[in-house]
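Trainee: Here's a structure for you.
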Amino acid sequence: MNNESRDVVISVEGITARLEGNTILENVSFKVFRGEILVIMGRSGSGKSVLMKHIIGLFSPVEGRVLINGIDVHKADESERANIRRSFGVLFQSGGLLGSMTLSENTALPLEEHNDVPDGLREMLVRMKLRLVRLDGHENLLPSELSGGMRKRAGLARAMVLDPEILFFDEPSAGLDPVTSAELDSTIININEGMGTTMIVVSHELQSIMGIAHRVIMLDGEEKGIIAEGDPRELMHRSSDARVLNFLNRRVA
Ligand SMILES: Nc1ncnc2c1ncn2[C@@H]1O[C@H](COP(=O)(O)OP(=O)(O)OP(=O)(O)O)[C@@H](O)[C@H]1O
Ligand SMILES: [Mg+2]
């Protein structure tokens, strides 16, 4: 499908990101289309997490704007903001579970924030999402009682509890062994294919990028922006940029 005829879910328009006086990203623009898995890749420090935090509204750009379903994330009024917030889920780099809460309490957190959901329904939604990530039967465990892979899956269950149309993942496979990481990638693909969820995944792990990405953008710290965009398999063979070729043709450990 050519990009012009596709349904745009997120439009990043000329954003400049400045943190503590340092310009991290300059005049960055790209689109995310409905139902795709877009991977934001690049070396450590290239600004991947900073970009994601600008898109979800945690940080504000000094120039440019971010539209989610046509609404300016940083200019939205309170009710628009609540709608935008309900339309996406986020899995942070660390998993982000609260240590003092059980798995089911952690998973239910977004429900407390947004909706006045009756107890019975809340329990059912939590149970469904934990089953989806194969954590059913572990509802009453604390995060410290889970393995790294289980914690990531729990973060995913929580990100999905409101059935968001968009999911953001920051380094979903960081710190996981290759087998667990591949399992998480399969879960991501199953959710994307099964529910049509649009996904933005920050990653620098080649195996994962090649396994899940429909399309990638590559950030570069010196350029303060995007140096490549497209199908990772094509870029791997046909990019004319040495930085892109080197990144995509590293040997997978
Ligand atoms: N809250 C912050 N305040 C000031 N500078 C920051 C902040 N967060 C990130 N930076 C800077 O922005 C740059 C990009 O950081 P970022 O975390 O986006 O990198 P990254 O591509 O996600 O790297 P990694 O792959 O290691 O997670 C770095 O130079 C970092 O020091
Ligand atoms: Mg990061």
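Chain identifiers are assigned as A, B, and so on, following the order in which chains appear in the structure tokens; residues are numbered from 1 within each chain, and ligands are numbered from 1 in order of appearance.
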Hey, which residues come within 6 Å of ligand 1 if we count only C-alpha atoms and all ligand atoms? Could you give them as a list in words?
Mentor: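 Listing the residues within 6 Å of ligand 1 gives Leu19, Glu20, Ile24, Arg43, Ser44, Gly45, Ser46, Gly47, Lys48, Ser49 and Val50 of chain A.
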Trainee: Take the residues that were just selected and, keeping N, CA, C and O atoms, output them as a PDB file, in the first residue's frame.
Mentor:
```pdb
ATOM      1  N   LEU A  19      16.591  19.544  26.052  1.00  0.00           N
ATOM      2  CA  LEU A  19      16.546  19.188  27.469  1.00  0.00           C
ATOM      3  C   LEU A  19      17.755  19.778  28.165  1.00  0.00           C
ATOM      4  O   LEU A  19      18.892  19.576  27.712  1.00  0.00           O
ATOM      5  N   GLU A  20      17.519  20.490  29.225  1.00  0.00           N
ATOM      6  CA  GLU A  20      18.594  21.148  29.979  1.00  0.00           C
ATOM      7  C   GLU A  20      19.557  21.900  29.062  1.00  0.00           C
ATOM      8  O   GLU A  20      20.781  21.796  29.178  1.00  0.00           O
ATOM      9  N   ILE A  24      18.440  17.796  21.572  1.00  0.00           N
ATOM     10  CA  ILE A  24      18.585  16.346  21.376  1.00  0.00           C
ATOM     11  C   ILE A  24      18.060  15.961  19.994  1.00  0.00           C
ATOM     12  O   ILE A  24      18.642  15.118  19.316  1.00  0.00           O
ATOM     13  N   ARG A  43      21.517   4.079  17.877  1.00  0.00           N
ATOM     14  CA  ARG A  43      22.473   3.744  18.923  1.00  0.00           C
ATOM     15  C   ARG A  43      22.049   4.345  20.250  1.00  0.00           C
ATOM     16  O   ARG A  43      21.192   5.236  20.306  1.00  0.00           O
ATOM     17  N   SER A  44      22.681   3.879  21.311  1.00  0.00           N
ATOM     18  CA  SER A  44      22.412   4.388  22.642  1.00  0.00           C
ATOM     19  C   SER A  44      22.685   5.894  22.668  1.00  0.00           C
ATOM     20  O   SER A  44      23.703   6.349  22.163  1.00  0.00           O
ATOM     21  N   GLY A  45      21.764   6.644  23.226  1.00  0.00           N
ATOM     22  CA  GLY A  45      21.948   8.089  23.319  1.00  0.00           C
ATOM     23  C   GLY A  45      21.489   8.856  22.093  1.00  0.00           C
ATOM     24  O   GLY A  45      21.622  10.082  22.031  1.00  0.00           O
ATOM     25  N   SER A  46      20.932   8.169  21.098  1.00  0.00           N
ATOM     26  CA  SER A  46      20.524   8.870  19.866  1.00  0.00           C
ATOM     27  C   SER A  46      19.187   9.605  20.036  1.00  0.00           C
ATOM     28  O   SER A  46      18.764  10.317  19.130  1.00  0.00           O
ATOM     29  N   GLY A  47      18.515   9.409  21.167  1.00  0.00           N
ATOM     30  CA  GLY A  47      17.298  10.179  21.420  1.00  0.00           C
ATOM     31  C   GLY A  47      16.000   9.403  21.252  1.00  0.00           C
ATOM     32  O   GLY A  47      14.923   9.990  21.174  1.00  0.00           O
ATOM     33  N   LYS A  48      16.088   8.069  21.248  1.00  0.00           N
ATOM     34  CA  LYS A  48      14.894   7.244  21.029  1.00  0.00           C
ATOM     35  C   LYS A  48      13.873   7.431  22.155  1.00  0.00           C
ATOM     36  O   LYS A  48      12.689   7.670  21.905  1.00  0.00           O
ATOM     37  N   SER A  49      14.355   7.315  23.401  1.00  0.00           N
ATOM     38  CA  SER A  49      13.422   7.448  24.539  1.00  0.00           C
ATOM     39  C   SER A  49      12.900   8.881  24.633  1.00  0.00           C
ATOM     40  O   SER A  49      11.724   9.108  24.933  1.00  0.00           O
ATOM     41  N   VAL A  50      13.783   9.842  24.342  1.00  0.00           N
ATOM     42  CA  VAL A  50      13.367  11.251  24.373  1.00  0.00           C
ATOM     43  C   VAL A  50      12.265  11.487  23.342  1.00  0.00           C
ATOM     44  O   VAL A  50      11.252  12.137  23.633  1.00  0.00           O
TER      45      VAL A  50
END
```
Trainee: Ligand 2: which residues are within 12 Å, counting only C-alpha atoms and all ligand atoms? Reply as a ChimeraX atom specification.
Mentor: /A:40-53,92-94,169-172,174,201-204,219
Trainee: Within 12 Å of A:Asn3, counting only C-alpha atoms, which residues show up once you throw out same-chain ones fewer than 2 positions away? Write them as an NGL selection string, please.
Mentor: :A and (1 or 5-8 or 30-34 or 36 or 215 or 230)
Trainee: Which residues, written as number ranges by chain, have at least one atom at most 12 Å from A:Glu234, with only C-alpha atoms counted and residues fewer than 3 positions away on the same chain left out?
Mentor: A: 210, 214-216, 228-231, 237-240, 244-245, 248-249
Trainee: Counting only C-alpha atoms, which of A:Asn69, A:Asn140, A:Ser60, A:Ser79 gets nearest to A:Ser100?
Mentor: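 Checking each candidate against A:Ser100, we get A:Asn140 as the closest.
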Trainee: I need the residue nearest A:Thr107 from this list: A:Arg250, A:Lys129, A:Arg85, A:Arg65. Use only C-alpha atoms for the distance.
Mentor: A:Lys129
Trainee: Can you check which residues of stretch 1-231 of chain A DSSP gives as strand (DSSP E) on the backbone and send them as a ChimeraX atom specification?
Mentor: /A:8-19,22-33,37-42,63-68,71-72,88-91,166-170,198-202,215-220,225-230
Trainee: Give me the residues within 9 Å of stretch 166-168 of chain A as a list in words, counting only C-alpha atoms and dropping any in the same chain fewer than 2 places off.
Mentor: Val9, Arg34, Gly35, Met52, Ile56, Ser87, Phe88, Gly89, Val90, Leu91, Phe92, Ala159, Met160, Asp163, Pro164, Asp170, Thr197, Thr198, Met199, Ile200, Val201 and Val202 of chain A
Trainee: My list of candidates is A:Leu111, A:Leu25, A:Ile212, A:Ile68. Which is closest to A:Leu162 when distances are computed with only C-alpha atoms?
Mentor: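 Closest candidate: A:Leu111.
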Trainee: Can you list, as a PyMOL selection string, every residue of stretch 155-247 of chain A that DSSP puts in alpha helix (DSSP H)?
Mentor: chain A and resi 155-160+178-195+206-212+232-238+242-247
Trainee: Smallest atom-to-atom distance to A:His138: which of A:Leu103, A:Ile209, A:Ile188, A:Leu58, using only C-alpha atoms?
Mentor: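 The answer is A:Leu103, which sits nearest to A:His138.
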Trainee: Counting only C-alpha atoms, figure out which residue out of A:Met101, A:Ala17, A:Val66, A:Ala242 gets nearest to A:Pro143.
Mentor: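 Using only C-alpha atoms, A:Pro143 sits closest to A:Met101.
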Trainee: Could you check which of A:Gly194, A:Lys224, A:Leu67, A:Leu206 is closest to A:Asn22, using only C-alpha atoms?
Mentor: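 Using only C-alpha atoms, the shortest distance to A:Asn22 belongs to A:Lys224.
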